[in-house]
Amino acid sequence: MSAAPASAVPSPAAPAAPGTPGTPALSRWRRLAAAGLYAALLSALALANWLAWLGWDRERDIQPDGSATGPYEPWQVIGLGLVLAALSARAGRRGRPVIGTLALAGTTWLAWCVNAFLSDDSGLWGVGALMLLPVVFAGVALVTALAATTRPAPDPSP
């Protein structure tokens, strides 16, 4: 049996052909695709969270003095916040605090804006949206950042 010519055996130091696994360009696209899929997953989870806690309730409560409150009860908002915090912490622990903040806070805020726009007769939904925007983003950013700092160090063993 003859040995393969030296030119046919790739050396470990030889660069891989473009488009083959392990090349920097392919790795970069894979990382971008993974980040985009993760952002889409977080957005879907944030929307499901909002729909589960707040999206179904449109009824305002009339108080004895004739004023209207609602439509959300405190337990609904607390539930939304707790699940949003858990999702934010998970994104931070996975090392994706920026993607987590943008996807989770952005989707939650956008869901509230669409609902408020469609159900508001006073025209003040925009004021509420401007007040809610920094609160949602700051809260989610704080949780993701704190969770990212508590992320365990990678295992140095191969």
# chains A, B, ... in the order shown; residues from 1 in each chain; ligands from 1
>>> residues_around(residues="Leu142 (chain A)", least_positions_apart="6", cutoff="10 Å", atoms="only C-alpha atoms", output="number ranges by chain")
A: 85, 88-89, 92, 97, 101, 136, 148
>>> write_last_selection(atoms="N, CA, C and O atoms", output="PDB file, in the first residue's frame")
ATOM      1  N   ALA A  85     -38.818  38.970  34.815  1.00  0.00           N
ATOM      2  CA  ALA A  85     -37.547  38.938  35.559  1.00  0.00           C
ATOM      3  C   ALA A  85     -36.861  37.581  35.404  1.00  0.00           C
ATOM      4  O   ALA A  85     -35.634  37.518  35.239  1.00  0.00           O
ATOM      5  N   SER A  88     -35.423  37.421  31.967  1.00  0.00           N
ATOM      6  CA  SER A  88     -34.272  38.329  31.904  1.00  0.00           C
ATOM      7  C   SER A  88     -33.057  37.709  32.587  1.00  0.00           C
ATOM      8  O   SER A  88     -31.939  37.789  32.073  1.00  0.00           O
ATOM      9  N   ALA A  89     -33.281  37.103  33.743  1.00  0.00           N
ATOM     10  CA  ALA A  89     -32.176  36.465  34.462  1.00  0.00           C
ATOM     11  C   ALA A  89     -31.593  35.319  33.631  1.00  0.00           C
ATOM     12  O   ALA A  89     -30.375  35.146  33.564  1.00  0.00           O
ATOM     13  N   GLY A  92     -29.421  36.754  30.918  1.00  0.00           N
ATOM     14  CA  GLY A  92     -28.163  37.226  31.478  1.00  0.00           C
ATOM     15  C   GLY A  92     -27.228  36.082  31.825  1.00  0.00           C
ATOM     16  O   GLY A  92     -26.030  36.142  31.550  1.00  0.00           O
ATOM     17  N   PRO A  97     -26.939  39.520  27.757  1.00  0.00           N
ATOM     18  CA  PRO A  97     -27.715  40.575  28.402  1.00  0.00           C
ATOM     19  C   PRO A  97     -28.260  41.626  27.428  1.00  0.00           C
ATOM     20  O   PRO A  97     -29.369  42.115  27.621  1.00  0.00           O
ATOM     21  N   THR A 101     -32.182  42.111  26.877  1.00  0.00           N
ATOM     22  CA  THR A 101     -32.828  43.393  27.177  1.00  0.00           C
ATOM     23  C   THR A 101     -33.629  43.888  25.982  1.00  0.00           C
ATOM     24  O   THR A 101     -34.795  44.266  26.128  1.00  0.00           O
ATOM     25  N   VAL A 136     -39.450  49.762  31.756  1.00  0.00           N
ATOM     26  CA  VAL A 136     -39.316  48.371  31.306  1.00  0.00           C
ATOM     27  C   VAL A 136     -37.872  48.088  30.896  1.00  0.00           C
ATOM     28  O   VAL A 136     -37.284  47.078  31.306  1.00  0.00           O
ATOM     29  N   ALA A 148     -25.841  38.352  34.509  1.00  0.00           N
ATOM     30  CA  ALA A 148     -24.620  38.113  33.732  1.00  0.00           C
ATOM     31  C   ALA A 148     -23.384  38.140  34.625  1.00  0.00           C
ATOM     32  O   ALA A 148     -22.424  37.406  34.366  1.00  0.00           O
TER      33      ALA A 148
END
>>> residues_around(residues="Glu59 (chain A)", least_positions_apart="3", cutoff="12 Å", atoms="only C-alpha atoms", output="MDAnalysis selection string")
chainID A and resid 54:56 62 68:73 119
>>> residues_around(residues="region 41-49 of chain A", least_positions_apart="2", cutoff="6 Å", atoms="only C-alpha atoms", output="list in words")
Tyr38, Ala39, Leu51, Ala52, Ala103, Leu104, Thr107 and Thr108 of chain A
>>> atom_distance(atom1="CA of Arg151 (chain A)", atom2="CA of Ala35 (chain A)")
18.2 Å
>>> atom_distance(atom1="CA of Pro74 (chain A)", atom2="CA of Ala141 (chain A)")
22.7 Å
>>> atom_distance(atom1="CA of Gly139 (chain A)", atom2="CA of Val83 (chain A)")
12.6 Å
>>> select_by_dssp(residues="chain A", states="strand (DSSP E)", output="number ranges by chain")
A: 61-62, 68-69
>>> write_last_selection(atoms="all heavy atoms", output="PDB file, in the first residue's frame")
ATOM      1  N   ASP A  61     -62.964  48.323  35.686  1.00  0.00           N
ATOM      2  CA  ASP A  61     -63.824  48.202  36.855  1.00  0.00           C
ATOM      3  C   ASP A  61     -64.370  49.572  37.232  1.00  0.00           C
ATOM      4  O   ASP A  61     -63.611  50.542  37.336  1.00  0.00           O
ATOM      5  CB  ASP A  61     -63.034  47.616  38.031  1.00  0.00           C
ATOM      6  CG  ASP A  61     -62.491  46.235  37.729  1.00  0.00           C
ATOM      7  OD1 ASP A  61     -63.210  45.451  37.081  1.00  0.00           O
ATOM      8  OD2 ASP A  61     -61.352  45.942  38.139  1.00  0.00           O
ATOM      9  N   ILE A  62     -65.669  49.645  37.457  1.00  0.00           N
ATOM     10  CA  ILE A  62     -66.320  50.892  37.870  1.00  0.00           C
ATOM     11  C   ILE A  62     -66.401  50.894  39.396  1.00  0.00           C
ATOM     12  O   ILE A  62     -66.990  50.003  40.002  1.00  0.00           O
ATOM     13  CB  ILE A  62     -67.728  51.034  37.253  1.00  0.00           C
ATOM     14  CG1 ILE A  62     -67.654  50.887  35.726  1.00  0.00           C
ATOM     15  CG2 ILE A  62     -68.367  52.348  37.666  1.00  0.00           C
ATOM     16  CD1 ILE A  62     -66.795  51.931  35.045  1.00  0.00           C
ATOM     17  N   ALA A  68     -63.458  54.842  36.905  1.00  0.00           N
ATOM     18  CA  ALA A  68     -63.072  53.559  36.306  1.00  0.00           C
ATOM     19  C   ALA A  68     -61.605  53.279  36.604  1.00  0.00           C
ATOM     20  O   ALA A  68     -60.769  54.185  36.565  1.00  0.00           O
ATOM     21  CB  ALA A  68     -63.299  53.596  34.808  1.00  0.00           C
ATOM     22  N   THR A  69     -61.304  52.026  36.912  1.00  0.00           N
ATOM     23  CA  THR A  69     -59.917  51.605  37.120  1.00  0.00           C
ATOM     24  C   THR A  69     -59.635  50.397  36.234  1.00  0.00           C
ATOM     25  O   THR A  69     -60.548  49.764  35.719  1.00  0.00           O
ATOM     26  CB  THR A  69     -59.666  51.208  38.592  1.00  0.00           C
ATOM     27  OG1 THR A  69     -60.500  50.104  38.915  1.00  0.00           O
ATOM     28  CG2 THR A  69     -59.928  52.360  39.530  1.00  0.00           C
TER      29      THR A  69
END
>>> closest_residue(among="A:Asp57, A:Arg96, A:Arg28, A:Trp50", to="Ala111 (chain A)", atoms="only C-alpha atoms")
A:Trp50
